[in-house]
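Colleague: I'd like to ask some things about the structure below.
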Amino acid sequence: MVLAGVDGTDSGRAALLAAAGEAAADGSRLVALHVRRSPLPMEYLAWEAHAFGAQWRDELELEAWLQCTVILGDLAVDWEYAVADGSPVEALCSCALARSARTVYVGARIRSGWGARLHRCPADELQRRCPCTVRVVRFRTTPRD
């Protein structure tokens with residue numbers, strides 16, 4: 001089984017395509033996992049904005065599902081869309097362990113300058129903690145100069 005983390009972003013789509021290629025090559029099942037990040041404790045204090053946050057999470061989940069159906073709909077791949085709550089690293093590790101995944105694919109944007117220093121990429125932590133092979137698909141969001 002091949003697992004792909006999908007989140008509705010360009011890097012998530014790139015990871016899904018790479019995972020679909022591996023799954024199609026050997027007839028493996030593909031699980032596209034979308035992780036709904038639970039609100040942090042301090043986010044509960046902004047109760048007026050909580051409804052907007054919930055709506056935003058719902059829209060991200062729908063966007064990820066739509067991308068899966070569009071990308072995987074015409075491919076000869078046995079696939080499933082799944083949703084989990086929590087942190088992406090924990091959810092992907094748990095799913096990989098529970099389903100005996102061979103490979104986990106995740107996307108990561110290529111950042112430079114301060115963006116690379118300030119952003120803590122979950123893909124790096126996933127590579128350290130996951131019980132199986134993790135393939136990080138790097139995606140450049142802006143064209144090179």
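Letters A, B, ... mark the chains of the structure tokens in the order given; residue numbers begin at 1 per chain; ligand numbers begin at 1, in order shown.
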Might you pull out every residue within 8 Å of Val136 (chain A), with only C-alpha atoms counted and same-chain residues fewer than 3 positions away left off, and present them as JSON, numbers by chain?

Modeller: {"A": [15, 105, 106, 107, 108, 123]}

Colleague: Quick one: residues within 10 Å of region 124-133 of chain A, only C-alpha atoms counted, chain neighbours fewer than 5 positions away excluded, as an MDAnalysis selection string?

Modeller: chainID A and resid 88:90 92:97 100:106 108

Colleague: Let's have the selection written as a short mmCIF file (atom, residue, chain, number, x, y, z; two decimals), in the first residue's frame, with C-alpha atoms.

Modeller:
```
data_model
loop_
_atom_site.label_atom_id
_atom_site.label_comp_id
_atom_site.auth_asym_id
_atom_site.auth_seq_id
_atom_site.Cartn_x
_atom_site.Cartn_y
_atom_site.Cartn_z
CA PRO A 88 -0.16 15.70 9.96
CA VAL A 89 2.94 13.90 11.20
CA GLU A 90 1.06 11.87 13.83
CA LEU A 92 0.42 9.95 8.58
CA CYS A 93 2.64 7.86 10.87
CA SER A 94 -0.38 6.18 12.47
CA CYS A 95 -2.02 5.46 9.13
CA ALA A 96 1.23 4.11 7.66
CA LEU A 97 1.67 1.80 10.64
CA SER A 100 1.36 -1.44 6.64
CA ALA A 101 2.26 1.20 4.10
CA ARG A 102 5.36 0.63 2.01
CA THR A 103 5.89 4.29 1.14
CA VAL A 104 4.49 7.65 2.27
CA TYR A 105 4.53 10.56 -0.18
CA VAL A 106 4.24 14.14 1.03
CA ALA A 108 6.97 20.28 0.52
#
```

Colleague: With only C-alpha atoms as the basis for distance, which of A:Val77, A:Val134, A:Ile71, A:Leu62 is at the shortest distance from Val35 (chain A)?

Modeller: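 Closest residue, counting only C-alpha atoms: A:Leu62.
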
Colleague: Out of A:Arg37, A:Glu59, A:Ala91, A:Leu75, which residue has the shortest atom-to-atom distance to Gly21 (chain A) when counting only C-alpha atoms?

Modeller: A:Leu75

Colleague: Skipping near chain neighbours, those fewer than 4 positions away, what residues fall within 9 Å of Ala24 (chain A) using only C-alpha atoms, listed as an NGL selection string?

Modeller: :A and (19-20 or 28-30 or 75-78)

Colleague: Could those selected residues go to a file with N, CA and C atoms, as a PDB file, in the first residue's frame?

Modeller:
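Final file, out_23.pdb:
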```pdb
ATOM      1  N   ALA A  19       2.868   9.438  -5.939  1.00  0.00           N
ATOM      2  CA  ALA A  19       2.366   8.225  -5.276  1.00  0.00           C
ATOM      3  C   ALA A  19       1.534   7.388  -6.239  1.00  0.00           C
ATOM      4  N   ALA A  20       0.729   8.044  -7.066  1.00  0.00           N
ATOM      5  CA  ALA A  20      -0.087   7.319  -8.044  1.00  0.00           C
ATOM      6  C   ALA A  20       0.793   6.590  -9.049  1.00  0.00           C
ATOM      7  N   SER A  28      -0.376  -1.550  -6.581  1.00  0.00           N
ATOM      8  CA  SER A  28      -0.661  -1.342  -5.157  1.00  0.00           C
ATOM      9  C   SER A  28      -1.889  -0.453  -4.966  1.00  0.00           C
ATOM     10  N   ARG A  29      -2.471  -0.555  -3.808  1.00  0.00           N
ATOM     11  CA  ARG A  29      -3.572   0.325  -3.431  1.00  0.00           C
ATOM     12  C   ARG A  29      -2.974   1.660  -2.983  1.00  0.00           C
ATOM     13  N   LEU A  30      -3.651   2.745  -3.326  1.00  0.00           N
ATOM     14  CA  LEU A  30      -3.228   4.084  -2.941  1.00  0.00           C
ATOM     15  C   LEU A  30      -4.245   4.659  -1.963  1.00  0.00           C
ATOM     16  N   LEU A  75      -6.941   7.339 -13.945  1.00  0.00           N
ATOM     17  CA  LEU A  75      -5.801   6.435 -13.822  1.00  0.00           C
ATOM     18  C   LEU A  75      -6.258   5.040 -13.399  1.00  0.00           C
ATOM     19  N   ALA A  76      -5.499   4.061 -13.805  1.00  0.00           N
ATOM     20  CA  ALA A  76      -5.805   2.675 -13.441  1.00  0.00           C
ATOM     21  C   ALA A  76      -5.181   2.371 -12.082  1.00  0.00           C
ATOM     22  N   VAL A  77      -5.701   3.037 -11.052  1.00  0.00           N
ATOM     23  CA  VAL A  77      -5.176   2.881  -9.695  1.00  0.00           C
ATOM     24  C   VAL A  77      -6.344   2.622  -8.750  1.00  0.00           C
ATOM     25  N   ASP A  78      -6.194   1.612  -7.903  1.00  0.00           N
ATOM     26  CA  ASP A  78      -7.168   1.345  -6.858  1.00  0.00           C
ATOM     27  C   ASP A  78      -6.857   2.316  -5.719  1.00  0.00           C
TER      28      ASP A  78
END
```

Colleague: Skipping near chain neighbours, those fewer than 6 positions away, what residues fall within 10 Å of Leu60 (chain A) using only C-alpha atoms, listed as a list of chain:residue names?

Modeller: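 Skipping anything fewer than 6 positions along the chain leaves A:Val6, A:Asp7, A:Gly8, A:Thr9, A:His34, A:Val35, A:Arg36, A:Ala54, A:Leu66.
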
Colleague: At a cut-off of 12 Å, using only C-alpha atoms, what residues contact region 63-65 of chain A? Leave out same-chain residues fewer than 4 positions from it and give the result as a ChimeraX atom specification.

Modeller: /A:4-13,16,31-36,56-59,69-73,79-83

Colleague: For a quick check of understanding, using only C-alpha atoms, which of A:Arg138, A:Ser87, A:Met1, A:Gln67 has the smallest distance to Asp26 (chain A)?

Modeller: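 Using only C-alpha atoms, the shortest distance to Asp26 (chain A) belongs to A:Met1.
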